[in-house]
file data_6.cif (mmCIF, C-alpha atoms and all ligand atoms)
data_entry
loop_
_atom_site.label_atom_id
_atom_site.label_comp_id
_atom_site.auth_asym_id
_atom_site.auth_seq_id
_atom_site.Cartn_x
_atom_site.Cartn_y
_atom_site.Cartn_z
CA MET P 475 3.15 -70.11 39.49
CA ARG P 476 3.91 -66.62 38.30
CA ASP P 477 7.06 -67.80 36.47
CA ASP P 478 5.08 -70.59 34.85
CA ARG P 479 2.50 -68.14 33.63
CA GLU P 480 5.19 -65.84 32.26
CA LYS P 481 6.75 -68.77 30.42
CA GLN P 482 3.34 -69.69 29.02
CA GLY P 483 2.91 -66.12 27.85
CA GLY P 484 6.33 -66.30 26.21
CA ALA P 485 5.51 -69.55 24.46
CA ALA P 486 2.28 -68.09 23.12
CA LEU P 487 4.18 -65.01 22.01
CA PHE P 488 6.62 -67.05 19.98
CA SER P 489 3.90 -69.28 18.58
CA CYS P 490 2.24 -66.17 17.21
CA PHE P 491 5.29 -65.46 15.07
CA SER P 492 4.78 -68.73 13.26
CA PHE P 493 1.89 -67.24 11.32
CA GLN P 494 2.58 -65.35 8.15
CA ASP P 495 1.13 -61.87 8.36
CA LYS P 496 -1.32 -62.12 5.53
CA PHE P 497 -2.37 -58.56 6.28
CA GLY P 498 1.20 -57.38 5.71
CA SER P 499 0.44 -55.93 2.30
CA ARG P 500 -2.24 -53.75 3.87
CA LEU P 501 0.12 -52.09 6.31
CA LYS P 502 0.75 -48.40 5.92
CA CYS P 503 3.92 -47.02 7.48
CA SER P 504 4.39 -43.52 8.75
CA GLU P 505 7.92 -42.52 9.81
CA ASN P 506 7.96 -44.62 12.95
CA VAL P 507 4.71 -46.53 13.21
CA CYS P 508 2.71 -48.89 11.02
CA PHE P 509 -1.07 -48.82 11.00
CA SER P 510 -3.42 -51.23 9.34
CA ASP P 511 -6.02 -49.95 6.87
CA ARG P 512 -8.48 -49.59 9.73
CA GLY P 513 -5.78 -47.64 11.57
CA SER P 514 -6.48 -44.70 13.79
CA LEU P 515 -3.86 -42.06 13.17
CA LYS P 516 -4.19 -39.16 15.60
CA GLY P 517 -6.49 -36.54 14.17
CA GLU P 518 -7.91 -38.85 11.51
CA SER P 519 -10.33 -40.65 13.78
CA MET P 520 -11.61 -40.47 17.31
CA GLU P 521 -12.06 -44.26 17.49
CA PRO P 522 -10.07 -45.56 20.43
CA LEU P 523 -7.24 -47.93 19.51
CA ILE P 524 -8.28 -50.08 22.47
CA ARG P 525 -11.82 -50.37 23.81
CA VAL P 526 -12.59 -52.77 26.62
CA VAL P 527 -16.26 -53.14 27.54
CA ASP P 528 -17.41 -54.83 30.74
CA MET P 529 -14.58 -57.37 30.59
CA CYS P 530 -14.49 -60.24 33.11
CA LYS P 531 -11.94 -63.02 33.45
CA ILE P 532 -12.78 -65.85 35.81
CA TYR P 533 -10.18 -68.56 36.40
CA ASN P 534 -11.37 -72.00 37.57
CA PRO P 535 -15.11 -71.23 37.35
CA GLY P 536 -16.98 -73.00 40.14
CA GLU P 537 -16.21 -73.29 43.82
CA ASN P 538 -12.58 -72.15 43.69
CA GLU P 539 -13.08 -69.47 41.09
CA VAL P 540 -10.85 -66.42 40.93
CA ARG P 541 -12.42 -63.29 39.50
CA ALA P 542 -9.19 -61.80 38.10
CA LEU P 543 -10.97 -59.12 36.03
CA ASP P 544 -14.29 -57.86 37.26
CA HIS P 545 -16.31 -55.75 34.78
CA VAL P 546 -13.43 -53.67 33.45
CA ASN P 547 -14.13 -50.76 31.07
CA LEU P 548 -11.26 -48.86 29.46
CA GLU P 549 -10.48 -46.85 26.32
CA ILE P 550 -6.96 -46.05 25.12
CA PHE P 551 -6.34 -43.79 22.13
CA GLN P 552 -3.51 -43.96 19.63
CA GLY P 553 -0.37 -42.25 20.90
CA GLU P 554 -1.19 -42.45 24.63
CA PHE P 555 1.37 -43.45 27.28
CA VAL P 556 -0.56 -45.34 29.97
CA ALA P 557 0.65 -47.07 33.12
CA ILE P 558 -1.55 -49.78 34.60
CA ILE P 559 -0.62 -50.08 38.26
CA GLY P 560 -1.78 -52.41 41.02
CA GLN P 561 -0.56 -54.66 43.80
CA SER P 562 0.52 -58.25 43.29
CA GLY P 563 -2.53 -60.35 42.38
CA SER P 564 -4.65 -57.33 41.38
CA GLY P 565 -5.07 -58.62 37.81
CA LYS P 566 -2.40 -56.69 35.87
CA SER P 567 -0.88 -59.62 33.98
CA THR P 568 -4.33 -61.07 33.34
CA PHE P 569 -5.31 -57.74 31.82
CA MET P 570 -2.10 -57.58 29.78
CA ASN P 571 -2.84 -61.09 28.44
CA MET P 572 -6.27 -59.86 27.34
CA LEU P 573 -4.99 -56.60 25.83
CA GLY P 574 -2.20 -58.51 24.07
CA CYS P 575 -4.60 -61.15 22.67
CA LEU P 576 -2.70 -63.89 24.51
CA ASP P 577 -5.94 -65.00 26.17
CA VAL P 578 -9.67 -64.33 25.79
CA PRO P 579 -12.02 -62.92 28.44
CA THR P 580 -14.76 -64.97 30.11
CA SER P 581 -17.24 -62.24 29.18
CA GLY P 582 -17.27 -58.71 27.83
CA GLU P 583 -15.89 -57.23 24.63
CA TYR P 584 -12.49 -56.10 23.45
CA PHE P 585 -12.14 -53.95 20.34
CA LEU P 586 -8.58 -53.53 19.09
CA ASN P 587 -8.22 -51.04 16.25
CA GLY P 588 -11.96 -51.33 15.59
CA THR P 589 -12.15 -55.14 15.49
CA ASP P 590 -13.89 -57.20 18.17
CA VAL P 591 -11.16 -59.64 19.18
CA SER P 592 -12.86 -61.02 22.32
CA THR P 593 -14.49 -63.90 20.46
CA MET P 594 -11.74 -64.66 17.95
CA ALA P 595 -10.31 -68.15 17.49
CA ASP P 596 -6.63 -68.80 18.26
CA ASN P 597 -5.37 -68.48 14.68
CA ASP P 598 -7.09 -65.15 14.13
CA LEU P 599 -5.89 -63.88 17.50
CA SER P 600 -2.32 -64.79 16.56
CA GLU P 601 -2.60 -62.76 13.39
CA VAL P 602 -3.94 -59.72 15.23
CA ARG P 603 -1.21 -60.07 17.86
CA ASN P 604 1.48 -60.31 15.25
CA ARG P 605 0.20 -57.28 13.39
CA GLU P 606 -0.77 -54.89 16.16
CA ILE P 607 1.32 -55.56 19.28
CA GLY P 608 4.94 -55.52 20.40
CA PHE P 609 5.47 -57.29 23.74
CA ILE P 610 8.10 -56.61 26.36
CA PHE P 611 8.21 -59.00 29.32
CA GLN P 612 9.95 -58.79 32.68
CA GLY P 613 11.86 -61.99 31.83
CA PHE P 614 13.12 -60.67 28.42
CA ASN P 615 12.23 -64.00 26.68
CA LEU P 616 15.27 -63.90 24.38
CA ILE P 617 16.47 -67.04 22.59
CA PRO P 618 19.81 -67.89 24.30
CA ASN P 619 21.69 -69.30 21.30
CA LEU P 620 20.83 -66.40 18.97
CA THR P 621 22.72 -63.10 18.86
CA ALA P 622 21.02 -59.79 19.61
CA VAL P 623 20.39 -59.03 15.94
CA GLU P 624 19.12 -62.57 15.28
CA ASN P 625 16.73 -62.31 18.23
CA VAL P 626 15.36 -59.04 16.87
CA GLU P 627 15.02 -60.53 13.37
CA LEU P 628 13.01 -63.52 14.56
CA PRO P 629 9.50 -62.01 14.42
CA LEU P 630 10.38 -60.37 11.10
CA ILE P 631 11.22 -63.78 9.59
CA TYR P 632 7.73 -65.03 10.39
CA ARG P 633 6.26 -61.88 8.89
CA GLY P 634 7.81 -62.93 5.59
CA ILE P 635 10.14 -59.91 5.40
CA ASP P 636 13.15 -60.55 3.14
CA LYS P 637 16.61 -61.10 4.62
CA LYS P 638 18.11 -57.74 3.67
CA THR P 639 15.15 -55.68 4.95
CA ARG P 640 15.05 -57.82 8.08
CA ARG P 641 18.67 -57.08 8.90
CA GLN P 642 18.14 -53.39 8.16
CA LEU P 643 15.04 -53.13 10.42
CA ALA P 644 16.77 -55.11 13.19
CA MET P 645 19.90 -52.93 13.06
CA GLU P 646 17.75 -49.77 13.06
CA SER P 647 15.84 -50.83 16.16
CA LEU P 648 19.01 -51.97 17.97
CA HIS P 649 20.45 -48.55 17.15
CA MET P 650 17.32 -46.90 18.64
CA VAL P 651 17.95 -48.66 21.95
CA GLY P 652 21.67 -47.81 21.90
CA LEU P 653 23.01 -51.31 21.26
CA ASP P 654 25.03 -50.83 18.05
CA LYS P 655 28.08 -52.31 19.76
CA ARG P 656 26.32 -55.44 21.01
CA VAL P 657 24.49 -56.66 17.89
CA HIS P 658 26.52 -59.88 17.60
CA HIS P 659 26.47 -60.70 21.32
CA LYS P 660 24.38 -63.53 22.70
CA PRO P 661 22.06 -62.86 25.69
CA ASN P 662 24.49 -64.42 28.23
CA GLU P 663 27.18 -61.99 27.01
CA MET P 664 25.02 -58.97 27.92
CA SER P 665 23.85 -57.29 31.13
CA GLY P 666 20.20 -57.49 32.22
CA GLY P 667 19.57 -53.93 31.02
CA GLN P 668 21.13 -54.70 27.64
CA GLN P 669 19.05 -57.88 27.29
CA GLN P 670 15.91 -55.90 28.03
CA ARG P 671 16.96 -53.36 25.39
CA VAL P 672 17.26 -56.23 22.87
CA ALA P 673 13.73 -57.30 23.89
CA ILE P 674 12.51 -53.74 23.29
CA ALA P 675 14.26 -53.65 19.90
CA ARG P 676 12.51 -56.92 19.04
CA ALA P 677 9.14 -55.49 20.11
CA ILE P 678 9.51 -52.37 17.94
CA ALA P 679 11.29 -53.81 14.88
CA ALA P 680 8.06 -54.59 13.01
CA LYS P 681 6.71 -51.13 13.98
CA PRO P 682 3.51 -52.29 15.71
CA PRO P 683 1.04 -49.59 16.79
CA VAL P 684 0.89 -50.84 20.40
CA ILE P 685 3.81 -51.55 22.75
CA LEU P 686 2.71 -53.62 25.73
CA ALA P 687 5.25 -53.92 28.55
CA ASP P 688 4.63 -56.06 31.68
CA GLU P 689 6.99 -54.99 34.49
CA PRO P 690 9.77 -54.28 31.94
CA THR P 691 12.10 -52.99 34.65
CA GLY P 692 11.21 -55.64 37.24
CA ASN P 693 14.55 -57.46 36.94
CA LEU P 694 16.75 -54.38 36.54
CA ASP P 695 18.80 -52.10 38.76
CA SER P 696 17.72 -48.47 39.07
CA ALA P 697 20.15 -47.10 36.44
CA SER P 698 19.04 -49.69 33.85
CA SER P 699 15.40 -49.07 34.79
CA ARG P 700 15.82 -45.36 34.08
CA GLU P 701 17.33 -46.18 30.67
CA ILE P 702 14.46 -48.49 29.77
CA LEU P 703 11.87 -45.93 30.88
CA SER P 704 13.53 -43.25 28.84
CA ILE P 705 13.43 -45.53 25.77
CA LEU P 706 9.70 -46.17 26.35
CA LYS P 707 9.16 -42.41 26.65
CA ASP P 708 10.96 -41.93 23.33
CA MET P 709 8.67 -44.55 21.76
CA HIS P 710 5.70 -42.52 22.98
CA LYS P 711 7.22 -39.28 21.63
CA ASN P 712 7.59 -41.00 18.26
CA GLY P 713 3.86 -41.66 18.15
CA ARG P 714 3.55 -45.17 19.50
CA THR P 715 0.92 -46.19 22.02
CA VAL P 716 2.76 -47.46 25.09
CA ILE P 717 1.04 -49.45 27.83
CA LEU P 718 3.24 -50.12 30.82
CA ILE P 719 2.24 -52.53 33.56
CA THR P 720 3.84 -52.06 36.97
CA HIS P 721 3.35 -52.36 40.72
CA ASP P 722 5.74 -49.43 41.34
CA ASN P 723 4.38 -45.90 41.89
CA GLY P 724 7.73 -44.35 40.88
CA ILE P 725 7.57 -46.07 37.51
CA ALA P 726 3.88 -45.33 36.94
CA ASP P 727 4.67 -41.69 37.64
CA GLN P 728 6.68 -41.60 34.38
CA ALA P 729 3.53 -42.18 32.31
CA ARG P 730 1.06 -39.58 31.01
CA ARG P 731 -2.00 -41.45 32.31
CA VAL P 732 -2.20 -43.78 35.28
CA VAL P 733 -4.89 -46.47 35.58
CA ARG P 734 -5.03 -48.13 39.00
CA ILE P 735 -6.39 -51.66 39.25
CA MET P 736 -7.44 -53.40 42.48
CA ASP P 737 -9.04 -56.84 42.89
CA GLY P 738 -9.69 -56.96 39.14
CA LYS P 739 -11.52 -53.62 39.07
CA ILE P 740 -10.40 -50.21 37.82
CA GLU P 741 -10.11 -48.10 40.92
CA SER P 742 -8.96 -44.83 39.33
CA ASP P 743 -7.92 -43.45 35.94
CA ILE P 744 -6.10 -40.11 36.07
CA LEU P 745 -3.87 -37.87 33.98
CA ASN P 746 -0.48 -37.57 35.65
CA GLU P 747 0.23 -33.94 36.57
CA ASN P 748 3.92 -34.72 37.09
CA PHE P 749 4.38 -36.10 33.58
CA LYS P 750 7.33 -34.62 31.69
CA GLU P 751 7.95 -35.34 27.99
N1 LIG R 1 -4.05 -69.31 35.29
C1 LIG R 1 -4.58 -68.95 36.45
N2 LIG R 1 -5.36 -69.82 37.14
C2 LIG R 1 -5.94 -69.48 38.32
N3 LIG R 1 -5.78 -68.27 38.89
C3 LIG R 1 -5.01 -67.37 38.24
C4 LIG R 1 -4.37 -67.67 37.00
N4 LIG R 1 -3.68 -66.59 36.61
C5 LIG R 1 -3.87 -65.66 37.56
N5 LIG R 1 -4.66 -66.12 38.54
C6 LIG R 1 -5.12 -65.38 39.72
O1 LIG R 1 -5.73 -64.18 39.25
C7 LIG R 1 -5.39 -63.08 40.08
C8 LIG R 1 -4.70 -62.01 39.24
O2 LIG R 1 -3.44 -62.52 38.82
P1 LIG R 1 -2.42 -61.67 37.95
O3 LIG R 1 -1.30 -62.55 37.56
O4 LIG R 1 -3.18 -61.01 36.85
O5 LIG R 1 -1.94 -60.57 39.00
P2 LIG R 1 -0.82 -59.44 38.86
O6 LIG R 1 -1.47 -58.16 39.22
O7 LIG R 1 -0.16 -59.52 37.54
O8 LIG R 1 0.20 -59.85 40.03
P3 LIG R 1 1.82 -59.70 40.08
O9 LIG R 1 2.10 -58.25 40.36
O10 LIG R 1 2.18 -60.57 41.25
O11 LIG R 1 2.39 -60.18 38.79
C9 LIG R 1 -4.52 -63.64 41.18
O12 LIG R 1 -5.32 -63.86 42.32
C10 LIG R 1 -3.99 -64.93 40.62
O13 LIG R 1 -3.73 -65.87 41.65
MG MG R 2 1.87 -59.91 36.93
#
call {"tool": "encode", "arguments": {"input": "data_6.cif", "output": "structure tokens"}}
result
Amino acid sequence: MRDDREKQGGAALFSCFSFQDKFGSRLKCSENVCFSDRGSLKGESMEPLIRVVDMCKIYNPGENEVRALDHVNLEIFQGEFVAIIGQSGSGKSTFMNMLGCLDVPTSGEYFLNGTDVSTMADNDLSEVRNREIGFIFQGFNLIPNLTAVENVELPLIYRGIDKKTRRQLAMESLHMVGLDKRVHHKPNEMSGGQQQRVAIARAIAAKPPVILADEPTGNLDSASSREILSILKDMHKNGRTVILITHDNGIADQARRVVRIMDGKIESDILNENFKE
């Protein structure tokens, strides 16, 4: 069931790349991050980048309904590094699907970068997703017959970025994740940790303001997990908003802020005293 849902998420992710980013011309780029015109650069505005108001998600409404999100309220500001932690079945992936505009809530509101996206139609959601969010999944979701650099270029193609710039952006982001020597390797010629680094490079290549990672170290050994976490920390240091979903306290402890979710409700939301830059 879980695998099926992850595959569905992946399919939706790739379908979103098939829309041209008609907002592309309105993107402003700082050194490492792009913001749309309504963007919320730190210091310029106190508007949260993400504002979730009384969000509910009910699967199978009726007798067998599952209340996966139960009146969730949350604000995340630009540049934060937030872990969302909870046990299996607590609603983490459901919440990620909402935050990532892969699905819409049953009720409540979701403002992303100032726009209410909770009632948007599929096409509009795809555009927002493409513009604002870089996804990293536990299952990597790389295309097996494409090389690392081609995988990273894929979302850039659908953004209408020209070939030369595409290659340059893809090489830059593969360099950021330490994969200069693996750019022409296919996924089955790389380790799990390397494949996840390609997935991270793909998520950051278009410089989206939000990086959303669902159990990004779930399939990795502890050394590779440490590498991936250190890359996510670097992303945060470079000004990106990183949201990391995990069931592991040790991993959540790496984030600046830890939001705990239980039975679809936010149980606690604390700043992590152990956080080290
Ligand atoms: N498409 C769906 N249809 C029906 N129920 C669903 C669906 N997706 C999720 N659920 C249910 O909603 C609840 C939350 O699921 P969710 O996948 O968000 O949990 P999770 O915290 O991500 O768990 P895990 O750590 O195992 O990935 C669970 O009880 C799950 O069975
Ligand atoms: Mg999950």
call {"tool": "residues_around", "arguments": {"input": "data_6.cif", "residues": "P:Gly667", "least_positions_apart": "4", "cutoff": "7 Å", "atoms": "all atoms listed in the file", "output": "PyMOL selection string"}}
result
chain P and resi 671+694+698
call {"tool": "closest_residue", "arguments": {"input": "data_6.cif", "among": "P:Gly588, P:Gly563, P:Pro682, P:Pro579", "to": "P:Ile532", "atoms": "all atoms listed in the file"}}
result
P:Pro579
call {"tool": "closest_atom_pairs", "arguments": {"input": "data_6.cif", "of": "chain P", "to": "ligand LIG 1 (chain R)", "cutoff": "6 Å", "atoms": "all atoms listed in the file", "output": "Markdown table"}}
result
| residue | atom | partner | partner_atom | distance |
| --- | --- | --- | --- | --- |
| P:Tyr533 | CA | R:LIG1 | C2 | 4.7 |
| P:Val540 | CA | R:LIG1 | N3 | 5.8 |
| P:Ala542 | CA | R:LIG1 | O1 | 4.4 |
| P:Gln561 | CA | R:LIG1 | O9 | 5.6 |
| P:Ser562 | CA | R:LIG1 | O9 | 3.3 |
| P:Gly563 | CA | R:LIG1 | O5 | 3.4 |
| P:Ser564 | CA | R:LIG1 | O6 | 3.9 |
| P:Gly565 | CA | R:LIG1 | O4 | 3.2 |
| P:Lys566 | CA | R:LIG1 | O6 | 3.8 |
| P:Ser567 | CA | R:LIG1 | O7 | 3.6 |
| P:Thr568 | CA | R:LIG1 | O4 | 3.7 |
call {"tool": "residues_around", "arguments": {"input": "data_6.cif", "residues": "stretch 589-600 of chain P", "least_positions_apart": "3", "cutoff": "7 Å", "atoms": "only C-alpha atoms", "output": "PDB file with C-alpha atoms, keeping the file's coordinate frame"}}
result
ATOM      1  CA  CYS P 490       2.240 -66.170  17.210  1.00  0.00           C
ATOM      2  CA  CYS P 575      -4.600 -61.150  22.670  1.00  0.00           C
ATOM      3  CA  VAL P 578      -9.670 -64.330  25.790  1.00  0.00           C
ATOM      4  CA  PRO P 579     -12.020 -62.920  28.440  1.00  0.00           C
ATOM      5  CA  GLU P 583     -15.890 -57.230  24.630  1.00  0.00           C
ATOM      6  CA  TYR P 584     -12.490 -56.100  23.450  1.00  0.00           C
ATOM      7  CA  PHE P 585     -12.140 -53.950  20.340  1.00  0.00           C
ATOM      8  CA  LEU P 586      -8.580 -53.530  19.090  1.00  0.00           C
ATOM      9  CA  ARG P 603      -1.210 -60.070  17.860  1.00  0.00           C
ATOM     10  CA  ASN P 604       1.480 -60.310  15.250  1.00  0.00           C
TER      11      ASN P 604
END
call {"tool": "closest_residue", "arguments": {"input": "data_6.cif", "among": "P:Ala673, P:Ile744, P:Ala729, P:Val527", "to": "P:His710", "atoms": "all atoms listed in the file"}}
result
P:Ala729
call {"tool": "residues_around", "arguments": {"input": "data_6.cif", "residues": "P:Phe609", "least_positions_apart": "6", "cutoff": "7 Å", "atoms": "all atoms listed in the file", "output": "list in words"}}
result
Ala677, Ile685, Leu686 and Ala687 of chain P
call {"tool": "closest_residue", "arguments": {"input": "data_6.cif", "among": "P:Ile617, P:Met709, P:Val623, P:Ile735", "to": "ligand MG 2 (chain R)", "atoms": "all atoms listed in the file"}}
result
P:Ile735
call {"tool": "residues_around", "arguments": {"input": "data_6.cif", "residues": "P:Glu747", "least_positions_apart": "3", "cutoff": "12 Å", "atoms": "only C-alpha atoms", "output": "list in words"}}
result
Ala726, Asp727, Gln728, Ala729, Arg730, Arg731, Val732, Ile744, Lys750 and Glu751 of chain P
call {"tool": "closest_residue", "arguments": {"input": "data_6.cif", "among": "P:Gly553, P:Gly713, P:Pro690, P:Pro535", "to": "ligand MG 2 (chain R)", "atoms": "only C-alpha atoms and all ligand atoms"}}
result
P:Pro690
